[in-house]
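Have a look at input-v8.csv; it's CSV, C-alpha atoms (C1' of nucleotides):
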```csv
chain,number,residue,atom,x,y,z
A,1,MET,CA,10.2,195.9,105.6
A,2,ASP,CA,9.7,197.5,109.0
A,3,LYS,CA,8.0,200.7,110.0
A,4,LEU,CA,11.2,202.7,110.3
A,5,ASP,CA,12.1,202.0,106.7
A,6,THR,CA,8.7,203.2,105.6
A,7,PHE,CA,9.3,206.7,107.0
A,8,LYS,CA,12.8,207.0,105.6
A,9,LYS,CA,11.5,206.0,102.1
A,10,ILE,CA,9.0,208.8,102.1
A,11,GLY,CA,11.7,211.5,102.1
A,12,LYS,CA,12.9,210.0,98.9
A,13,LEU,CA,9.7,209.8,97.1
A,14,GLU,CA,10.2,210.8,93.6
A,15,LYS,CA,9.1,214.4,93.2
A,16,LEU,CA,8.5,214.0,89.6
A,17,ILE,CA,5.6,211.7,90.5
A,18,HIS,CA,4.6,213.2,93.8
A,19,GLU,CA,3.8,216.7,92.8
A,20,PRO,CA,0.0,216.9,93.0
A,21,SER,CA,-0.9,217.8,89.5
A,22,ARG,CA,1.4,215.2,88.1
A,23,LEU,CA,0.2,212.6,90.5
A,24,ALA,CA,-3.3,213.3,89.2
A,25,ILE,CA,-2.2,213.1,85.6
A,26,LEU,CA,-0.3,209.9,86.1
A,27,THR,CA,-3.1,208.3,88.1
A,28,ALA,CA,-5.6,209.2,85.4
A,29,LEU,CA,-3.3,207.5,82.8
A,30,MET,CA,-3.1,204.4,85.0
A,31,GLY,CA,-6.7,203.9,84.3
A,32,CYS,CA,-6.6,203.9,80.5
A,33,GLN,CA,-4.5,203.1,77.5
A,34,GLN,CA,-4.1,206.7,76.4
A,35,ALA,CA,-5.7,210.1,76.9
A,36,ASP,CA,-5.5,213.4,74.9
A,37,PHE,CA,-4.3,216.8,76.1
A,38,GLN,CA,-7.8,218.2,76.2
A,39,PHE,CA,-9.2,215.4,78.2
A,40,LEU,CA,-6.5,215.8,80.9
A,41,LEU,CA,-7.0,219.5,80.9
A,42,ASN,CA,-10.6,219.1,81.7
A,43,LEU,CA,-9.9,216.4,84.2
A,44,VAL,CA,-7.4,218.1,86.4
A,45,GLY,CA,-8.5,221.6,85.8
A,46,MET,CA,-5.3,223.5,85.3
A,47,THR,CA,-4.1,225.9,82.6
A,48,LYS,CA,-2.9,224.7,79.3
A,49,GLY,CA,0.6,226.2,80.0
A,50,ASN,CA,1.0,224.3,83.2
A,51,LEU,CA,-0.3,221.0,81.8
A,52,SER,CA,2.1,221.4,78.9
A,53,SER,CA,5.1,221.9,81.2
A,54,HIS,CA,4.2,219.1,83.5
A,55,LEU,CA,3.8,216.7,80.5
A,56,SER,CA,7.2,217.8,79.3
A,57,LYS,CA,8.8,216.9,82.6
A,58,LEU,CA,7.0,213.5,82.7
A,59,GLU,CA,8.2,212.8,79.2
A,60,SER,CA,11.8,213.8,80.0
A,61,GLY,CA,11.7,211.5,83.0
A,62,GLY,CA,10.6,208.7,80.8
A,63,LEU,CA,7.3,208.2,82.5
A,64,ILE,CA,5.0,209.0,79.6
A,65,VAL,CA,5.1,209.0,75.8
A,66,VAL,CA,3.8,212.1,74.0
A,67,GLU,CA,2.4,211.5,70.5
A,68,LYS,CA,1.6,214.5,68.4
A,69,THR,CA,-0.6,213.9,65.4
A,70,TYR,CA,-3.6,215.4,63.7
A,71,LEU,CA,-7.3,214.9,64.0
A,72,GLY,CA,-8.5,216.2,60.6
A,73,LYS,CA,-6.6,219.5,60.3
A,74,ARG,CA,-6.2,220.2,64.0
A,75,PRO,CA,-3.3,219.2,66.0
A,76,ILE,CA,-3.9,216.7,68.8
A,77,THR,CA,-1.6,215.3,71.5
A,78,TYR,CA,-2.0,211.8,72.9
A,79,LEU,CA,-0.4,210.8,76.2
A,80,SER,CA,0.3,207.3,77.6
A,81,LEU,CA,2.4,205.8,80.3
A,82,THR,CA,5.5,204.0,79.4
A,83,GLU,CA,6.0,200.6,81.0
A,84,HIS,CA,8.6,202.1,83.4
A,85,GLY,CA,6.0,204.9,84.2
A,86,ARG,CA,3.4,202.4,85.0
A,87,LYS,CA,5.7,200.5,87.4
A,88,SER,CA,6.9,203.7,89.0
A,89,VAL,CA,3.5,205.1,89.7
A,90,SER,CA,2.4,201.8,91.1
A,91,LYS,CA,5.4,201.7,93.4
A,92,HIS,CA,4.8,205.2,94.5
A,93,TRP,CA,1.3,204.5,95.6
A,94,GLN,CA,2.6,201.4,97.4
A,95,ILE,CA,5.0,203.6,99.4
A,96,LEU,CA,2.2,206.1,100.2
A,97,ASP,CA,0.0,203.2,101.3
A,98,ASP,CA,2.6,201.8,103.6
A,99,LEU,CA,3.0,205.2,105.2
A,100,ARG,CA,-0.6,205.7,105.7
A,101,LYS,CA,-1.0,202.2,107.2
A,102,SER,CA,1.8,203.0,109.6
A,103,ILE,CA,-0.4,205.4,111.6
B,1,MET,CA,-18.6,213.4,95.1
B,2,ASP,CA,-17.9,212.1,91.6
B,3,LYS,CA,-14.7,211.0,90.1
B,4,LEU,CA,-14.1,214.2,88.2
B,5,ASP,CA,-14.1,216.2,91.4
B,6,THR,CA,-11.5,213.8,92.8
B,7,PHE,CA,-9.0,214.7,90.2
B,8,LYS,CA,-9.6,218.4,90.4
B,9,LYS,CA,-9.1,218.4,94.2
B,10,ILE,CA,-5.7,216.9,93.8
B,11,GLY,CA,-4.3,220.0,92.2
B,12,LYS,CA,-5.3,221.9,95.3
B,13,LEU,CA,-3.7,219.5,97.8
B,14,GLU,CA,-2.0,221.6,100.4
B,15,LYS,CA,1.6,221.7,99.7
B,16,LEU,CA,2.4,222.4,103.2
B,17,ILE,CA,1.2,218.9,104.0
B,18,HIS,CA,2.0,217.1,100.8
B,19,GLU,CA,5.8,217.7,100.6
B,20,PRO,CA,7.3,214.2,101.3
B,21,SER,CA,9.3,214.9,104.4
B,22,ARG,CA,6.5,216.9,106.0
B,23,LEU,CA,4.0,214.2,105.1
B,24,ALA,CA,6.2,211.7,106.9
B,25,ILE,CA,6.6,214.0,109.9
B,26,LEU,CA,2.9,214.7,110.1
B,27,THR,CA,1.9,211.1,109.7
B,28,ALA,CA,4.3,210.1,112.4
B,29,LEU,CA,2.7,212.7,114.7
B,30,MET,CA,-0.7,211.3,113.8
B,31,GLY,CA,0.3,208.1,115.6
B,32,CYS,CA,1.3,209.6,118.9
B,33,GLN,CA,0.6,212.4,121.4
B,34,GLN,CA,4.0,214.0,120.9
B,35,ALA,CA,7.5,213.4,119.6
B,36,ASP,CA,10.8,215.1,120.1
B,37,PHE,CA,13.2,216.5,117.5
B,38,GLN,CA,15.7,213.7,117.8
B,39,PHE,CA,13.1,211.0,117.4
B,40,LEU,CA,11.8,212.6,114.2
B,41,LEU,CA,15.3,213.2,113.0
B,42,ASN,CA,16.0,209.5,113.3
B,43,LEU,CA,12.6,208.5,111.9
B,44,VAL,CA,12.7,210.4,108.7
B,45,GLY,CA,16.4,210.5,108.2
B,46,MET,CA,17.1,214.0,107.2
B,47,THR,CA,19.5,216.6,108.4
B,48,LYS,CA,18.9,218.7,111.5
B,49,GLY,CA,18.8,221.8,109.4
B,50,ASN,CA,16.1,220.6,107.1
B,51,LEU,CA,14.0,219.1,109.9
B,52,SER,CA,14.2,222.4,111.7
B,53,SER,CA,13.0,224.4,108.7
B,54,HIS,CA,10.2,222.0,107.9
B,55,LEU,CA,9.0,222.2,111.5
B,56,SER,CA,9.1,226.0,111.4
B,57,LYS,CA,6.8,225.9,108.3
B,58,LEU,CA,4.4,223.5,109.9
B,59,GLU,CA,4.3,225.7,113.0
B,60,SER,CA,3.7,228.8,111.0
B,61,GLY,CA,0.9,227.0,109.2
B,62,GLY,CA,-0.7,226.1,112.5
B,63,LEU,CA,-0.5,222.4,112.0
B,64,ILE,CA,1.9,221.6,114.9
B,65,VAL,CA,2.9,223.1,118.2
B,66,VAL,CA,6.6,223.4,119.0
B,67,GLU,CA,7.4,223.3,122.7
B,68,LYS,CA,10.9,224.1,123.7
B,69,THR,CA,12.0,223.1,127.2
B,70,TYR,CA,14.9,221.3,128.9
B,71,LEU,CA,15.6,217.8,129.8
B,72,GLY,CA,18.1,218.3,132.7
B,73,LYS,CA,20.4,220.9,131.4
B,74,ARG,CA,20.0,220.1,127.7
B,75,PRO,CA,17.5,221.8,125.4
B,76,ILE,CA,14.8,219.5,124.0
B,77,THR,CA,12.0,220.3,121.6
B,78,TYR,CA,8.7,218.5,121.6
B,79,LEU,CA,6.3,218.5,118.6
B,80,SER,CA,2.7,217.7,118.5
B,81,LEU,CA,-0.2,218.2,116.1
B,82,THR,CA,-2.8,220.9,116.8
B,83,GLU,CA,-6.4,219.9,116.5
B,84,HIS,CA,-6.5,221.7,113.1
B,85,GLY,CA,-3.4,219.9,112.1
B,86,ARG,CA,-4.9,216.5,112.9
B,87,LYS,CA,-8.0,217.2,110.9
B,88,SER,CA,-6.0,218.6,107.9
B,89,VAL,CA,-3.7,215.6,107.7
B,90,SER,CA,-6.7,213.2,108.0
B,91,LYS,CA,-8.5,215.1,105.2
B,92,HIS,CA,-5.3,215.0,103.1
B,93,TRP,CA,-5.0,211.3,103.3
B,94,GLN,CA,-8.7,211.0,102.5
B,95,ILE,CA,-8.2,213.0,99.2
B,96,LEU,CA,-5.2,210.8,98.3
B,97,ASP,CA,-7.2,207.7,99.0
B,98,ASP,CA,-10.0,208.9,96.8
B,99,LEU,CA,-7.5,209.5,94.0
B,100,ARG,CA,-6.0,206.1,94.3
B,101,LYS,CA,-9.3,204.4,94.4
B,102,SER,CA,-10.3,206.2,91.2
B,103,ILE,CA,-7.9,204.0,89.2
C,1,DT,C1',41.8,225.6,128.5
C,2,DT,C1',40.9,223.6,124.5
C,3,DA,C1',38.1,220.4,122.2
C,4,DT,C1',34.2,217.7,121.2
C,5,DA,C1',29.3,217.0,121.3
C,6,DA,C1',24.3,218.1,121.8
C,7,DG,C1',20.5,220.5,120.0
C,8,DG,C1',19.3,223.0,117.1
C,9,DT,C1',19.0,227.8,113.5
C,10,DT,C1',20.3,230.5,109.5
C,11,DT,C1',22.1,231.2,104.9
C,12,DG,C1',22.9,230.6,99.9
C,13,DC,C1',21.8,228.6,96.0
C,14,DA,C1',19.8,225.6,92.6
C,15,DG,C1',15.5,224.0,91.0
C,16,DT,C1',10.3,224.4,90.3
C,17,DA,C1',5.4,225.6,89.7
C,18,DC,C1',2.5,228.8,88.1
C,19,DA,C1',0.4,232.8,85.5
C,20,DA,C1',0.9,235.3,81.6
C,21,DA,C1',2.5,236.0,77.0
C,22,DC,C1',3.4,233.9,72.8
C,23,DT,C1',3.3,230.7,68.4
C,24,DG,C1',1.3,228.5,64.5
C,25,DG,C1',-2.4,227.3,62.4
C,26,DT,C1',-7.8,227.1,61.4
C,27,DT,C1',-12.5,228.8,61.2
C,28,DT,C1',-15.9,232.5,61.0
C,29,DG,C1',-18.0,236.8,59.6
C,30,DC,C1',-18.6,240.3,56.4
D,1,DG,C1',-10.3,238.0,50.5
D,2,DC,C1',-9.0,239.3,54.8
D,3,DA,C1',-9.5,240.7,59.6
D,4,DA,C1',-10.9,238.9,63.9
D,5,DA,C1',-11.7,235.2,66.8
D,6,DC,C1',-10.6,230.6,68.0
D,7,DC,C1',-8.0,226.2,68.8
D,8,DA,C1',-4.1,223.6,70.6
D,9,DG,C1',-0.7,223.9,72.7
D,10,DT,C1',4.6,226.1,74.1
D,11,DT,C1',7.7,229.4,76.2
D,12,DT,C1',9.0,232.8,79.4
D,13,DG,C1',9.5,235.4,83.8
D,14,DT,C1',9.3,235.4,88.5
D,15,DA,C1',8.4,234.3,93.1
D,16,DC,C1',8.9,230.5,96.0
D,17,DT,C1',11.0,226.4,98.2
D,18,DG,C1',13.8,222.5,99.5
D,19,DC,C1',18.3,221.2,100.6
D,20,DA,C1',23.3,221.1,102.1
D,21,DA,C1',26.5,223.5,104.5
D,22,DA,C1',27.8,226.9,107.7
D,23,DC,C1',26.9,228.7,112.0
D,24,DC,C1',25.3,229.5,117.0
D,25,DT,C1',25.0,228.4,122.1
D,26,DT,C1',25.6,225.7,125.9
D,27,DA,C1',27.4,221.4,128.2
D,28,DT,C1',30.6,217.8,129.0
D,29,DA,C1',35.4,215.6,128.3
D,30,DA,C1',40.5,215.6,128.2
```

What's the structure tokens form of this structure?
Amino acid sequence: MDKLDTFKKIGKLEKLIHEPSRLAILTALMGCQQADFQFLLNLVGMTKGNLSSHLSKLESGGLIVVEKTYLGKRPITYLSLTEHGRKSVSKHWQILDDLRKSI
Amino acid sequence: MDKLDTFKKIGKLEKLIHEPSRLAILTALMGCQQADFQFLLNLVGMTKGNLSSHLSKLESGGLIVVEKTYLGKRPITYLSLTEHGRKSVSKHWQILDDLRKSI
DNA sequence: TTATAAGGTTTGCAGTACAAACTGGTTTGC
DNA sequence: GCAAACCAGTTTGTACTGCAAACCTTATAA
């Protein structure tokens, strides 16, 4: 792949992945098997509402799986990447890397 | 800086820089003294209208300088990073790098 | 003189991110 | 026992933004 392609690919980066908060969420999930809602909330430092809506979008896009269960009597939500999600995020970082290295 | 900070910083990535097309434009400008409109158009592969509006935003944000002149009788527009722009883009890539390395 | 092209700018709309309000349930205090 | 506070998220409203398409101005071609 030559440099020109690198630049053209950037314009088509998946926004679902690229949006900063979601990139942080997804990247965090790359480093573990699963995480819960509260862990992510603390990690990326956004409001519950926004985290919730970002997670819904990632789920709709097939990048993550949302598992709702209980820990004792309290609801708890676990998040993990799907196989497709893992590959997509990896590819996304690869494109960004290529762009950066083009400088 | 510890890992937790890395994740929190991501949410605050400057959108002006992070948007894919603009990240491509800015990164291209990092690699040269100046570029013209047509060169960027060809490089990132978007429509003239969208390139124009992205450039306006980057100019308003003080990241680039837009110089309009003529080449013979035809109008031509040159773009270059401001010193502030150069530093901001460099910092942006640094934050992305930190995130990626956190995996 | 009309038409086509160069080099952009402006407009209209569809989609999105965020803060704030809300829901459903649990625990605490009195 | 029951009101108030808390927990774990979801939904809503709005202001913003990216994109395609339409438009503008001047220059060259037929």

List as a tab-separated table every residue of chain B that is in contact with chain C, defined as an atom at most 9 Å from one of its atoms (using all atoms listed in the file), together with the nearest atom pair and the distance in Å rounded to one decimal, sorted by chain and then rising number.
```
residue	atom	partner	partner_atom	distance
B:Phe37	CA	C:DG7	C1'	8.7
B:Gln38	CA	C:DG7	C1'	8.6
B:Lys48	CA	C:DG8	C1'	7.1
B:Gly49	CA	C:DT9	C1'	7.3
B:Ser52	CA	C:DT9	C1'	7.4
B:Ser53	CA	C:DT9	C1'	8.4
B:Arg74	CA	C:DA6	C1'	7.6
B:Pro75	CA	C:DG7	C1'	6.3
B:Ile76	CA	C:DG7	C1'	7.0
B:Thr77	CA	C:DG7	C1'	8.7
```

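Distances here use all atoms listed in the file; by that measure, the residue among B:Ser56, B:Ser102, B:Gln94, B:Asn50 closest to chain D is B:Asn50.
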
(Q) Using all atoms listed in the file for the distances, tell me which of D:DA15, D:DA21, D:DC6, D:DA30 is nearest to chain A. (A) D:DC6

**Q.** Option closest in space to chain D, from B:Glu19, B:Glu14, B:Asp2, B:Asp98 [counting only C-alpha atoms (C1' of nucleotides)]
**A.** B:Glu19

Per-residue nearest contacts of chain A to region 30-36 of chain B (12 Å; all atoms listed in the file) as JSON lines:
```
{"residue": "A:Leu99", "atom": "CA", "partner": "B:Gly31", "partner_atom": "CA", "distance": 11.1}
{"residue": "A:Arg100", "atom": "CA", "partner": "B:Met30", "partner_atom": "CA", "distance": 9.8}
{"residue": "A:Lys101", "atom": "CA", "partner": "B:Gly31", "partner_atom": "CA", "distance": 10.3}
{"residue": "A:Ser102", "atom": "CA", "partner": "B:Gly31", "partner_atom": "CA", "distance": 8.0}
{"residue": "A:Ile103", "atom": "CA", "partner": "B:Gly31", "partner_atom": "CA", "distance": 4.9}
```

Q: Find the distance between CA of Ser90 (chain A) and CA of Leu23 (chain A) and write it in Å to one decimal.
A: 11.0 Å

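Nearest-residue note for chain D: choosing from A:Thr47, A:Thr6, A:Thr27, A:Ser60, the minimum distance belongs to A:Thr47, counting all atoms listed in the file.
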
**Q.** Interface, chain B side, toward chain A (7 Å; all atoms listed in the file) as a VMD selection string
**A.** chain B and resid 4 7 to 8 10 to 11 13 20 to 21 24 27 to 28 30 to 31 43 to 45 103

Each chain D residue no farther than 12 Å from chain A, nearest pair in Å, only C-alpha atoms (C1' of nucleotides), as JSON lines:
```
{"residue": "D:DC6", "atom": "C1'", "partner": "A:Arg74", "partner_atom": "CA", "distance": 12.0}
{"residue": "D:DC7", "atom": "C1'", "partner": "A:Arg74", "partner_atom": "CA", "distance": 7.9}
{"residue": "D:DA8", "atom": "C1'", "partner": "A:Pro75", "partner_atom": "CA", "distance": 6.4}
{"residue": "D:DG9", "atom": "C1'", "partner": "A:Lys48", "partner_atom": "CA", "distance": 7.0}
{"residue": "D:DT10", "atom": "C1'", "partner": "A:Gly49", "partner_atom": "CA", "distance": 7.1}
{"residue": "D:DT11", "atom": "C1'", "partner": "A:Gly49", "partner_atom": "CA", "distance": 8.7}
{"residue": "D:DT12", "atom": "C1'", "partner": "A:Gly49", "partner_atom": "CA", "distance": 10.7}
{"residue": "D:DG18", "atom": "C1'", "partner": "A:Lys15", "partner_atom": "CA", "distance": 11.3}
{"residue": "D:DC19", "atom": "C1'", "partner": "A:Gly11", "partner_atom": "CA", "distance": 11.8}
```

Q: Kindly give the distance, in Å, that separates CA of Phe39 (chain A) and CA of Lys68 (chain A), rounded to a single decimal.
A: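 We find that CA of Phe39 (chain A) and CA of Lys68 (chain A) lie 14.6 Å from each other.
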
Q: Select, from B:Ile17, B:Leu55, B:Glu67, B:Lys73, the residue with the minimum atom-to-atom distance to DT28 (chain D), counting only C-alpha atoms (C1' of nucleotides).
A: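 Between B:Ile17, B:Leu55, B:Glu67, B:Lys73, the residue approaching DT28 (chain D) most closely is B:Lys73.
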
(Q) Can you tell me which residues surround Glu59 (chain A) at a distance of at most 10 Å, considering only C-alpha atoms (C1' of nucleotides), apart from same-chain residues fewer than 5 positions away, and format the answer as a list of chain:residue names? (A) A:Ser53, A:His54, A:Ile64, A:Val65, A:Val66, A:Leu79, A:Ser80, A:Leu81, A:Thr82, A:Gly85

Region 21-34 of chain A rebuilt with N, CA, C and O atoms, output as an mmCIF file, in the coordinates of the input:
```cif
data_model
loop_
_atom_site.group_PDB
_atom_site.id
_atom_site.type_symbol
_atom_site.label_atom_id
_atom_site.label_comp_id
_atom_site.auth_asym_id
_atom_site.auth_seq_id
_atom_site.Cartn_x
_atom_site.Cartn_y
_atom_site.Cartn_z
ATOM 1 N N SER A 21 -0.354 217.851 90.809
ATOM 2 C CA SER A 21 -0.900 217.800 89.500
ATOM 3 C C SER A 21 -0.435 216.615 88.682
ATOM 4 O O SER A 21 -1.189 215.958 87.966
ATOM 5 N N ARG A 22 0.878 216.331 88.825
ATOM 6 C CA ARG A 22 1.400 215.200 88.100
ATOM 7 C C ARG A 22 0.908 213.876 88.619
ATOM 8 O O ARG A 22 0.660 212.933 87.857
ATOM 9 N N LEU A 23 0.712 213.800 89.924
ATOM 10 C CA LEU A 23 0.200 212.600 90.500
ATOM 11 C C LEU A 23 -1.241 212.330 89.940
ATOM 12 O O LEU A 23 -1.611 211.195 89.627
ATOM 13 N N ALA A 24 -1.981 213.417 89.783
ATOM 14 C CA ALA A 24 -3.300 213.300 89.200
ATOM 15 C C ALA A 24 -3.249 212.841 87.757
ATOM 16 O O ALA A 24 -3.967 211.927 87.341
ATOM 17 N N ILE A 25 -2.372 213.469 86.989
ATOM 18 C CA ILE A 25 -2.200 213.100 85.600
ATOM 19 C C ILE A 25 -1.827 211.624 85.451
ATOM 20 O O ILE A 25 -2.433 210.859 84.692
ATOM 21 N N LEU A 26 -0.802 211.247 86.192
ATOM 22 C CA LEU A 26 -0.300 209.900 86.100
ATOM 23 C C LEU A 26 -1.345 208.869 86.568
ATOM 24 O O LEU A 26 -1.497 207.799 85.962
ATOM 25 N N THR A 27 -2.048 209.221 87.606
ATOM 26 C CA THR A 27 -3.100 208.300 88.100
ATOM 27 C C THR A 27 -4.192 208.143 87.101
ATOM 28 O O THR A 27 -4.698 207.039 86.897
ATOM 29 N N ALA A 28 -4.541 209.243 86.452
ATOM 30 C CA ALA A 28 -5.600 209.200 85.400
ATOM 31 C C ALA A 28 -5.079 208.239 84.281
ATOM 32 O O ALA A 28 -5.837 207.404 83.785
ATOM 33 N N LEU A 29 -3.806 208.375 83.912
ATOM 34 C CA LEU A 29 -3.300 207.500 82.800
ATOM 35 C C LEU A 29 -3.196 206.065 83.234
ATOM 36 O O LEU A 29 -3.245 205.181 82.380
ATOM 37 N N MET A 30 -3.070 205.813 84.536
ATOM 38 C CA MET A 30 -3.100 204.400 85.000
ATOM 39 C C MET A 30 -4.372 203.719 84.654
ATOM 40 O O MET A 30 -4.407 202.499 84.506
ATOM 41 N N GLY A 31 -5.423 204.518 84.561
ATOM 42 C CA GLY A 31 -6.700 203.900 84.300
ATOM 43 C C GLY A 31 -7.143 203.768 82.885
ATOM 44 O O GLY A 31 -8.273 203.397 82.591
ATOM 45 N N CYS A 32 -6.243 204.078 81.960
ATOM 46 C CA CYS A 32 -6.600 203.900 80.500
ATOM 47 C C CYS A 32 -5.387 203.672 79.689
ATOM 48 O O CYS A 32 -4.256 203.768 80.161
ATOM 49 N N GLN A 33 -5.603 203.363 78.438
ATOM 50 C CA GLN A 33 -4.500 203.100 77.500
ATOM 51 C C GLN A 33 -3.832 204.417 77.108
ATOM 52 O O GLN A 33 -2.622 204.532 77.092
ATOM 53 N N GLN A 34 -4.662 205.393 76.759
ATOM 54 C CA GLN A 34 -4.100 206.700 76.400
ATOM 55 C C GLN A 34 -5.192 207.770 76.625
ATOM 56 O O GLN A 34 -6.378 207.472 76.694
#
```
